[in-house]
file query10.csv (CSV, C-alpha atoms)
chain,number,residue,atom,x,y,z
N,1,MET,CA,212.9,305.5,114.5
N,2,ASN,CA,215.0,303.3,112.2
N,3,HIS,CA,214.0,302.1,108.7
N,4,GLY,CA,212.9,298.6,109.8
N,5,THR,CA,210.6,299.9,112.5
N,6,ARG,CA,209.1,302.5,110.1
N,7,THR,CA,208.3,299.8,107.5
N,8,LEU,CA,206.8,297.5,110.2
N,9,THR,CA,204.6,300.4,111.4
N,10,ARG,CA,203.5,301.1,107.9
N,11,ILE,CA,202.6,297.5,107.3
N,12,LEU,CA,200.7,297.3,110.6
N,13,VAL,CA,198.8,300.5,109.8
N,14,SER,CA,197.8,299.4,106.3
N,15,PHE,CA,196.7,296.0,107.7
N,16,VAL,CA,194.5,297.7,110.3
N,17,LEU,CA,193.1,300.0,107.6
N,18,CYS,CA,192.3,297.1,105.3
N,19,PHE,CA,190.7,295.2,108.1
N,20,SER,CA,188.5,298.1,109.2
N,21,ALA,CA,187.6,298.8,105.6
N,22,LEU,CA,186.5,295.2,105.1
N,23,ARG,CA,184.6,295.3,108.4
N,24,GLY,CA,183.1,298.7,107.5
N,25,SER,CA,181.9,297.4,104.1
N,26,ALA,CA,180.1,294.5,105.7
N,27,GLN,CA,178.5,296.9,108.2
N,28,ASP,CA,177.6,299.4,105.5
N,29,ALA,CA,175.9,296.7,103.4
N,30,LYS,CA,173.5,295.8,106.3
N,31,LEU,CA,170.4,298.0,106.4
N,32,GLN,CA,168.5,298.9,109.6
N,33,LEU,CA,165.1,297.4,108.9
N,34,ALA,CA,163.7,297.7,112.4
N,35,ASN,CA,161.5,300.6,111.4
N,36,LEU,CA,159.4,298.3,109.3
N,37,ASP,CA,158.5,296.0,112.2
N,38,LYS,CA,155.4,298.1,113.0
N,39,LEU,CA,153.8,297.0,109.7
N,40,SER,CA,153.5,293.4,110.9
N,41,ALA,CA,150.3,294.2,112.7
N,42,LYS,CA,148.6,295.5,109.5
N,43,ALA,CA,150.1,292.9,107.1
N,44,ALA,CA,148.2,289.7,106.0
N,45,ARG,CA,151.4,287.9,105.4
N,46,VAL,CA,154.8,288.6,106.9
N,47,THR,CA,158.1,287.1,105.9
N,48,ASP,CA,161.0,287.9,108.2
N,49,VAL,CA,164.4,286.3,107.6
N,50,THR,CA,167.5,287.2,109.5
N,51,LEU,CA,170.5,284.9,108.8
N,52,ASP,CA,173.9,286.0,109.8
N,53,GLY,CA,176.9,284.9,111.9
N,54,SER,CA,176.9,281.4,113.2
N,55,LEU,CA,173.4,280.7,111.9
N,56,LEU,CA,174.4,281.5,108.4
N,57,GLN,CA,177.5,279.4,108.8
N,58,PHE,CA,175.3,276.5,109.9
N,59,ALA,CA,173.2,276.9,106.8
N,60,VAL,CA,176.3,277.2,104.6
N,61,ASN,CA,177.7,274.0,106.1
N,62,MET,CA,174.5,272.2,105.7
N,63,ILE,CA,174.1,273.3,102.1
N,64,GLN,CA,177.8,272.4,101.4
N,65,LYS,CA,177.0,268.9,102.6
N,66,ILE,CA,174.3,268.4,100.0
N,67,ASP,CA,175.1,266.2,97.0
N,68,SER,CA,177.1,268.6,94.8
N,69,GLU,CA,176.6,266.6,91.5
N,70,ASP,CA,173.4,268.5,91.1
N,71,GLU,CA,174.0,271.7,89.1
N,72,ASP,CA,171.4,273.8,91.0
N,73,VAL,CA,172.8,272.7,94.3
N,74,ALA,CA,176.3,273.6,93.1
N,75,GLN,CA,175.0,277.0,92.1
N,76,LEU,CA,173.3,277.5,95.4
N,77,GLN,CA,176.5,276.6,97.1
N,78,SER,CA,178.5,279.0,95.1
N,79,ILE,CA,176.0,281.8,95.9
N,80,ILE,CA,175.8,281.2,99.6
N,81,LYS,CA,179.5,280.6,100.4
N,82,ASN,CA,180.5,284.2,100.1
N,83,LEU,CA,177.4,285.7,101.8
N,84,LYS,CA,177.8,287.3,105.2
N,85,GLY,CA,174.2,288.0,105.9
N,86,ILE,CA,170.7,287.6,104.5
N,87,TYR,CA,168.0,289.9,105.8
N,88,ILE,CA,164.5,289.9,104.3
N,89,LYS,CA,161.3,291.7,105.4
N,90,SER,CA,158.3,291.2,103.3
N,91,PHE,CA,154.8,292.4,104.1
N,92,GLU,CA,151.7,291.6,102.0
N,93,PHE,CA,148.5,293.5,102.8
N,94,ASP,CA,144.9,292.8,102.0
N,95,GLU,CA,144.3,296.5,101.3
N,96,ALA,CA,146.3,299.1,99.5
N,97,SER,CA,148.2,302.0,101.2
N,98,GLN,CA,148.9,300.2,104.5
N,99,TYR,CA,152.4,301.6,104.6
N,100,SER,CA,153.6,305.2,104.3
N,101,LYS,CA,156.1,306.8,102.0
N,102,ALA,CA,158.2,307.6,105.2
N,103,ASP,CA,158.6,303.8,105.7
N,104,VAL,CA,160.1,303.4,102.3
N,105,ASP,CA,162.1,306.6,102.6
N,106,GLY,CA,163.6,305.3,105.8
N,107,ILE,CA,165.1,302.5,103.7
N,108,ARG,CA,166.1,304.7,100.8
N,109,SER,CA,167.9,307.2,103.1
N,110,GLN,CA,170.3,304.4,104.1
N,111,LEU,CA,171.2,303.9,100.4
N,112,THR,CA,172.3,307.5,99.7
N,113,SER,CA,176.0,306.8,100.3
N,114,PRO,CA,178.1,307.1,97.1
N,115,ARG,CA,179.1,303.5,97.5
N,116,TRP,CA,175.5,302.4,96.8
N,117,SER,CA,174.4,302.5,93.2
N,118,LYS,CA,170.9,302.2,92.0
N,119,ILE,CA,171.2,299.8,89.1
N,120,VAL,CA,167.6,299.2,88.3
N,121,GLN,CA,164.5,301.3,88.9
N,122,SER,CA,161.0,300.6,87.8
N,123,ILE,CA,158.2,303.0,88.5
N,124,GLU,CA,154.6,302.4,87.7
N,125,LYS,CA,152.7,305.4,89.1
N,126,ARG,CA,149.3,304.2,87.9
N,127,HIS,CA,149.6,301.2,90.2
N,128,ASN,CA,151.7,302.9,92.8
N,129,GLU,CA,154.6,300.5,92.1
N,130,TYR,CA,158.2,301.4,92.9
N,131,ASP,CA,160.8,298.7,92.4
N,132,GLU,CA,164.5,299.3,92.8
N,133,ILE,CA,167.7,297.4,93.0
N,134,TYR,CA,170.8,298.8,94.7
N,135,VAL,CA,174.3,297.5,94.7
N,136,LEU,CA,177.1,298.3,97.1
N,137,LYS,CA,180.4,298.5,95.2
N,138,ASN,CA,183.4,297.1,97.0
N,139,GLY,CA,186.2,297.7,94.5
N,140,ASP,CA,185.5,295.4,91.5
N,141,HIS,CA,183.2,293.2,93.6
N,142,VAL,CA,179.7,293.5,94.8
N,143,GLY,CA,179.7,294.0,98.6
N,144,GLY,CA,175.9,293.9,99.1
N,145,VAL,CA,172.6,294.1,97.3
N,146,VAL,CA,169.2,295.6,98.2
N,147,ILE,CA,166.0,294.8,96.4
N,148,LEU,CA,163.2,297.1,97.3
N,149,VAL,CA,159.7,296.2,96.1
N,150,ALA,CA,157.2,298.8,97.1
N,151,GLU,CA,153.8,298.1,95.6
N,152,ALA,CA,150.3,299.0,96.5
N,153,ARG,CA,149.7,295.8,98.6
N,154,GLU,CA,153.3,294.7,99.2
N,155,LEU,CA,156.5,296.0,100.7
N,156,THR,CA,159.5,293.8,100.4
N,157,VAL,CA,163.1,294.6,101.3
N,158,VAL,CA,165.8,292.0,100.4
N,159,ASN,CA,169.2,292.8,101.8
N,160,LEU,CA,172.0,290.4,100.9
N,161,VAL,CA,175.4,291.2,102.5
N,162,GLY,CA,178.7,289.9,101.1
N,163,GLU,CA,179.8,289.1,97.6
N,164,VAL,CA,176.6,288.5,95.7
N,165,PRO,CA,176.7,286.9,92.2
N,166,MET,CA,173.6,288.6,90.8
N,167,ASP,CA,173.5,286.5,87.6
N,168,LYS,CA,173.5,283.3,89.6
N,169,VAL,CA,170.8,284.5,92.0
N,170,ALA,CA,168.6,285.5,89.1
N,171,SER,CA,169.0,282.2,87.3
N,172,LEU,CA,168.4,280.0,90.4
N,173,GLU,CA,165.9,277.3,89.8
N,174,ARG,CA,162.3,278.6,90.1
N,175,HIS,CA,161.1,276.1,92.8
N,176,LEU,CA,164.0,276.2,95.2
N,177,ALA,CA,161.8,275.3,98.1
N,178,PRO,CA,163.3,273.8,101.3
N,179,GLY,CA,163.5,270.1,101.3
N,180,GLU,CA,163.7,269.8,97.6
N,181,LYS,CA,167.5,270.1,97.5
N,182,GLN,CA,168.2,267.0,99.5
N,183,SER,CA,169.5,265.1,96.6
N,184,GLY,CA,169.6,265.0,92.9
N,185,LYS,CA,167.5,261.9,92.8
N,186,ASN,CA,164.6,263.6,94.7
N,187,LYS,CA,164.7,266.5,92.3
N,188,GLN,CA,164.6,264.2,89.2
N,189,LYS,CA,161.6,262.4,90.7
N,190,LYS,CA,159.8,265.6,91.2
N,191,GLU,CA,160.6,266.8,87.7
N,192,SER,CA,159.3,263.6,86.2
N,193,GLY,CA,156.2,264.1,88.3
N,194,HIS,CA,155.6,267.6,86.9
N,195,ASP,CA,156.1,266.3,83.4
N,196,GLN,CA,153.4,263.7,83.9
N,197,GLU,CA,151.0,266.4,85.2
S,1,MET,CA,190.1,216.1,216.6
S,2,HIS,CA,187.9,213.6,214.8
S,3,PHE,CA,185.3,214.4,212.2
S,4,SER,CA,182.5,212.2,211.5
S,5,GLU,CA,181.2,211.5,208.1
S,6,ASP,CA,178.1,213.7,208.8
S,7,ASP,CA,180.3,216.6,209.9
S,8,LEU,CA,182.2,216.4,206.5
S,9,ARG,CA,178.9,216.1,204.5
S,10,GLU,CA,177.6,219.1,206.4
S,11,ALA,CA,180.8,221.1,205.8
S,12,LEU,CA,181.0,220.3,202.1
S,13,LYS,CA,177.4,220.6,201.1
S,14,ARG,CA,176.3,223.1,198.5
S,15,LYS,CA,175.4,226.5,199.9
S,16,ASP,CA,173.6,229.4,198.2
S,17,PRO,CA,176.2,232.2,197.9
S,18,GLY,CA,173.4,234.8,198.2
S,19,GLU,CA,172.3,237.7,196.0
S,20,GLY,CA,175.0,239.8,194.3
S,21,PHE,CA,177.7,237.1,194.6
S,22,THR,CA,179.2,238.0,191.1
S,23,GLN,CA,179.3,241.7,191.8
S,24,ARG,CA,180.9,241.2,195.2
S,25,THR,CA,183.5,238.8,193.7
S,26,MET,CA,184.3,241.2,190.8
S,27,ALA,CA,184.5,244.1,193.3
S,28,ARG,CA,187.0,242.1,195.4
S,29,VAL,CA,189.1,241.3,192.3
S,30,ASN,CA,189.2,244.9,191.2
S,31,GLN,CA,190.0,246.1,194.7
S,32,ALA,CA,192.8,243.5,194.9
S,33,ARG,CA,194.2,244.9,191.5
S,34,VAL,CA,194.0,248.5,192.8
S,35,ASN,CA,195.7,247.6,196.0
S,36,GLN,CA,198.5,245.8,194.1
S,37,ALA,CA,199.0,248.8,191.8
S,38,GLN,CA,199.1,251.2,194.7
S,39,ALA,CA,201.7,249.0,196.4
S,40,GLU,CA,203.8,249.0,193.2
S,41,GLY,CA,203.1,252.7,192.5
S,42,THR,CA,201.6,252.2,189.0
S,43,ALA,CA,198.1,252.8,187.5
S,44,PRO,CA,195.8,249.8,187.7
S,45,PRO,CA,195.6,247.9,184.4
S,46,ALA,CA,192.5,248.7,182.3
S,47,THR,CA,190.0,245.9,182.0
S,48,LYS,CA,189.7,244.7,178.4
S,49,LYS,CA,186.6,246.3,176.8
S,50,VAL,CA,184.5,244.6,174.2
S,51,ASN,CA,182.5,247.2,172.2
S,52,GLY,CA,179.2,245.6,171.6
S,53,LYS,CA,178.0,242.2,170.7
S,54,PHE,CA,178.7,242.4,167.0
S,55,LEU,CA,182.4,243.2,167.4
S,56,ALA,CA,182.7,240.5,170.0
S,57,TRP,CA,181.1,238.1,167.5
S,58,TRP,CA,183.6,239.2,164.7
S,59,THR,CA,186.6,238.9,167.0
S,60,LEU,CA,185.4,235.4,167.8
S,61,ARG,CA,184.8,234.4,164.1
S,62,PRO,CA,187.5,236.0,161.9
S,63,ALA,CA,186.7,233.8,158.9
S,64,TRP,CA,183.1,235.1,158.7
S,65,THR,CA,184.4,238.7,159.2
S,66,VAL,CA,186.6,238.3,156.1
S,67,VAL,CA,183.7,236.9,154.1
S,68,VAL,CA,181.4,239.8,155.2
S,69,ALA,CA,184.1,242.3,154.3
S,70,ALA,CA,184.6,240.7,150.9
S,71,VAL,CA,180.9,240.7,150.2
S,72,LEU,CA,180.7,244.4,151.2
S,73,LEU,CA,183.7,245.2,148.9
S,74,LEU,CA,182.1,243.3,146.0
S,75,ALA,CA,178.8,245.1,146.5
S,76,CYS,CA,180.6,248.5,146.6
S,77,GLY,CA,182.5,247.5,143.4
S,78,ILE,CA,179.4,246.4,141.5
S,79,GLY,CA,177.5,249.5,142.7
S,80,GLY,CA,180.4,251.8,141.6
S,81,TYR,CA,180.6,250.1,138.2
S,82,GLN,CA,176.8,250.4,137.7
S,83,TYR,CA,176.9,254.1,138.7
S,84,SER,CA,179.8,254.8,136.3
S,85,GLU,CA,177.9,253.0,133.5
S,86,TYR,CA,174.8,255.0,134.3
S,87,ARG,CA,176.8,258.3,134.3
S,88,HIS,CA,178.4,257.4,131.0
S,89,ALA,CA,175.0,256.5,129.4
S,90,GLU,CA,173.5,259.8,130.7
S,91,GLU,CA,176.4,261.8,129.3
S,92,MET,CA,176.0,260.0,126.0
S,93,ARG,CA,172.3,260.7,126.0
S,94,ILE,CA,172.9,264.5,126.7
S,95,ALA,CA,175.5,264.7,124.0
S,96,ARG,CA,173.2,263.0,121.5
S,97,ALA,CA,170.4,265.4,122.4
S,98,LYS,CA,172.7,268.3,121.9
S,99,GLN,CA,173.9,267.0,118.6
S,100,GLN,CA,170.2,266.4,117.5
S,101,GLN,CA,169.3,270.0,118.6
S,102,LEU,CA,172.3,271.4,116.6
S,103,GLN,CA,171.3,269.3,113.6
S,104,GLN,CA,167.7,270.6,113.8
S,105,GLU,CA,169.0,274.2,114.1
S,106,ALA,CA,171.3,273.7,111.1
S,107,GLU,CA,168.5,272.2,109.1
S,108,HIS,CA,166.2,275.1,110.0
S,109,ALA,CA,169.0,277.6,109.1
S,110,ARG,CA,169.5,275.8,105.7
S,111,ASP,CA,165.7,275.9,105.0
S,112,GLN,CA,165.6,279.6,105.9
S,113,ALA,CA,168.6,280.3,103.7
S,114,ILE,CA,167.0,278.5,100.7
S,115,MET,CA,163.8,280.3,101.3
S,116,ALA,CA,165.6,283.6,101.5
S,117,LEU,CA,167.4,283.0,98.3
S,118,GLU,CA,164.1,281.9,96.6
S,119,ILE,CA,162.5,285.2,97.7
S,120,ALA,CA,165.6,287.1,96.5
S,121,ARG,CA,165.5,285.4,93.2
S,122,ALA,CA,161.7,286.0,92.8
S,123,LYS,CA,162.0,289.7,93.7
S,124,LEU,CA,165.1,290.2,91.6
S,125,ASN,CA,163.4,288.7,88.5
S,126,HIS,CA,160.2,290.6,89.3
S,127,VAL,CA,162.0,293.9,89.4
S,128,LEU,CA,164.0,293.1,86.2
S,129,GLN,CA,160.9,292.0,84.4
S,130,HIS,CA,159.1,295.2,85.4
S,131,ALA,CA,162.0,297.3,84.3
S,132,GLN,CA,162.2,295.4,81.0
S,133,LEU,CA,158.5,295.8,80.3
S,134,GLN,CA,158.8,299.5,80.9
S,135,ALA,CA,161.8,299.7,78.5
S,136,GLU,CA,160.2,297.7,75.7
S,137,PRO,CA,157.3,300.2,74.8
S,138,SER,CA,159.7,303.1,74.6
S,139,ASP,CA,162.0,301.1,72.4
S,140,LYS,CA,159.1,300.3,70.1
S,141,VAL,CA,158.1,304.0,69.9
S,142,ARG,CA,161.8,304.9,69.2
S,143,ARG,CA,162.0,302.3,66.4
S,144,GLN,CA,158.7,303.5,64.9
S,145,ARG,CA,160.0,307.1,64.9
S,146,LEU,CA,163.1,306.0,63.1
call {"tool": "encode", "arguments": {"input": "query10.csv", "output": "C-alpha cells"}}
result
Amino acid sequence: MNHGTRTLTRILVSFVLCFSALRGSAQDAKLQLANLDKLSAKAARVTDVTLDGSLLQFAVNMIQKIDSEDEDVAQLQSIIKNLKGIYIKSFEFDEASQYSKADVDGIRSQLTSPRWSKIVQSIEKRHNEYDEIYVLKNGDHVGGVVILVAEARELTVVNLVGEVPMDKVASLERHLAPGEKQSGKNKQKKESGHDQE
Amino acid sequence: MHFSEDDLREALKRKDPGEGFTQRTMARVNQARVNQAQAEGTAPPATKKVNGKFLAWWTLRPAWTVVVAAVLLLACGIGGYQYSEYRHAEEMRIARAKQQQLQQEAEHARDQAIMALEIARAKLNHVLQHAQLQAEPSDKVRRQRL
C-alpha cells in the first residue's frame, strides 16, 4: 500500500468514526420513555410531545419565518435551530403515589453513562419530591438535556436532544404560548393589555 | 302487308309488364354480364355497392359532409379544451389542498415546539428554584456559625 492510499484510508476511517460518533451522541441523548405510557390511564392530565425529524424541521422553518425583530422570537429561533429532538412526557395525578419508584428508576438507569452528568439535584423527602437535571457532554458542547421532575402528584420527563443553550431556555419569556409569537405587534398589544389589568 | 290505324294502336298500347318485372330485368342484365365475362375469361365486374342511406346521402352532398365534419372537429376541439381546463383546475385544487395540509402540519409542529419549550423552561426553572431554596437555608446556617 503506497503512502497516498494509506493517507486516504486514514481520512476515510476518521470521517466514518466522526460521523458515527455524532450519530451515536444523538442516539445516546434520546431516552426511551415508552415505559411511562402505562401511567396515562391513571393520570388526570397527560402531556406527550414528540418532535423530531421532519416534523421538528417543519417547526424550525415555521419559527424561523416569524418576525425576527422581536427579541424573544430571536431567542426562540436560536434555541430551536440546533435541536434534533424534543420529547416530553408529563403526568399530573389527582392522588399521590400513582407511579412507582421503578418507573423513575427506568429513566435514571438510562442516565448512568459517564457522558451524562447530573448537574442539579433537589430532594425534598418530606413531600416526596425528586427533581434532577442531567446534561449530556459532547466535547465542550451540550449534546442533550434531561429534566426529571418526580413529585407526589406529578411525573415529568423533558428530553431535549441536540445543542441546548440552557441559559436561553431558562430565560425564555414566561408566557410563550402558541399563537402569541405571530408578530411583535401582537405581543406588544398583549403586554399593554396586561398592564391595564 | 297493310296495317290499319287500329292495328297500330293495339300494338303500341300500354301493357302491364306483370309482377316481378324489375327483378326479371336485373336478373337478365346480371346474366348477360356473367355470360360476357365467361366468354372473355374474366370475373364479372362487381356491382357498385352503396353502404346505407347516410353514406349515400353524403356522397350525394359533399358540401354538407364537409360542414358536418367541421362541426364534429370543432366540438371535439372545444370538448378537449374544456377537459384539459378541468384537469388543470383539478390538479391546482389538489396541489392547493396539499399545500394547505402541509401548512397546517407545520403550524401544529410550531405550536408543539413552542409548547414543549415552554414546558422545558417551566420545569427547568422549577428545579433550579427548588435547588436554590434548598441551598439557601444551609448557607444561612453556615453564615450564622461563622
call {"tool": "atom_distance", "arguments": {"input": "query10.csv", "atom1": "CA of Ile66 in chain N", "atom2": "CA of Ile114 in chain S"}}
result
12.5 Å
call {"tool": "interface_residues", "arguments": {"input": "query10.csv", "of": "chain S", "to": "chain N", "cutoff": "12 Å", "atoms": "only C-alpha atoms", "output": "PyMOL selection string"}}
result
chain S and resi 102-135
call {"tool": "atom_distance", "arguments": {"input": "query10.csv", "atom1": "CA of Phe3 in chain S", "atom2": "CA of Phe21 in chain S"}}
result
29.7 Å
call {"tool": "atom_distance", "arguments": {"input": "query10.csv", "atom1": "CA of Val135 in chain N", "atom2": "CA of Val104 in chain N"}}
result
17.2 Å
call {"tool": "residues_near_point", "arguments": {"input": "query10.csv", "point": "(170.3, 298.4, 112.5)", "cutoff": "12 Å", "atoms": "only C-alpha atoms", "output": "count of residues only"}}
result
15
call {"tool": "closest_residue", "arguments": {"input": "query10.csv", "among": "N:Ser97, N:Thr5, N:Thr112, N:Asn138", "to": "Arg153 in chain N", "atoms": "all atoms listed in the file"}}
result
N:Ser97
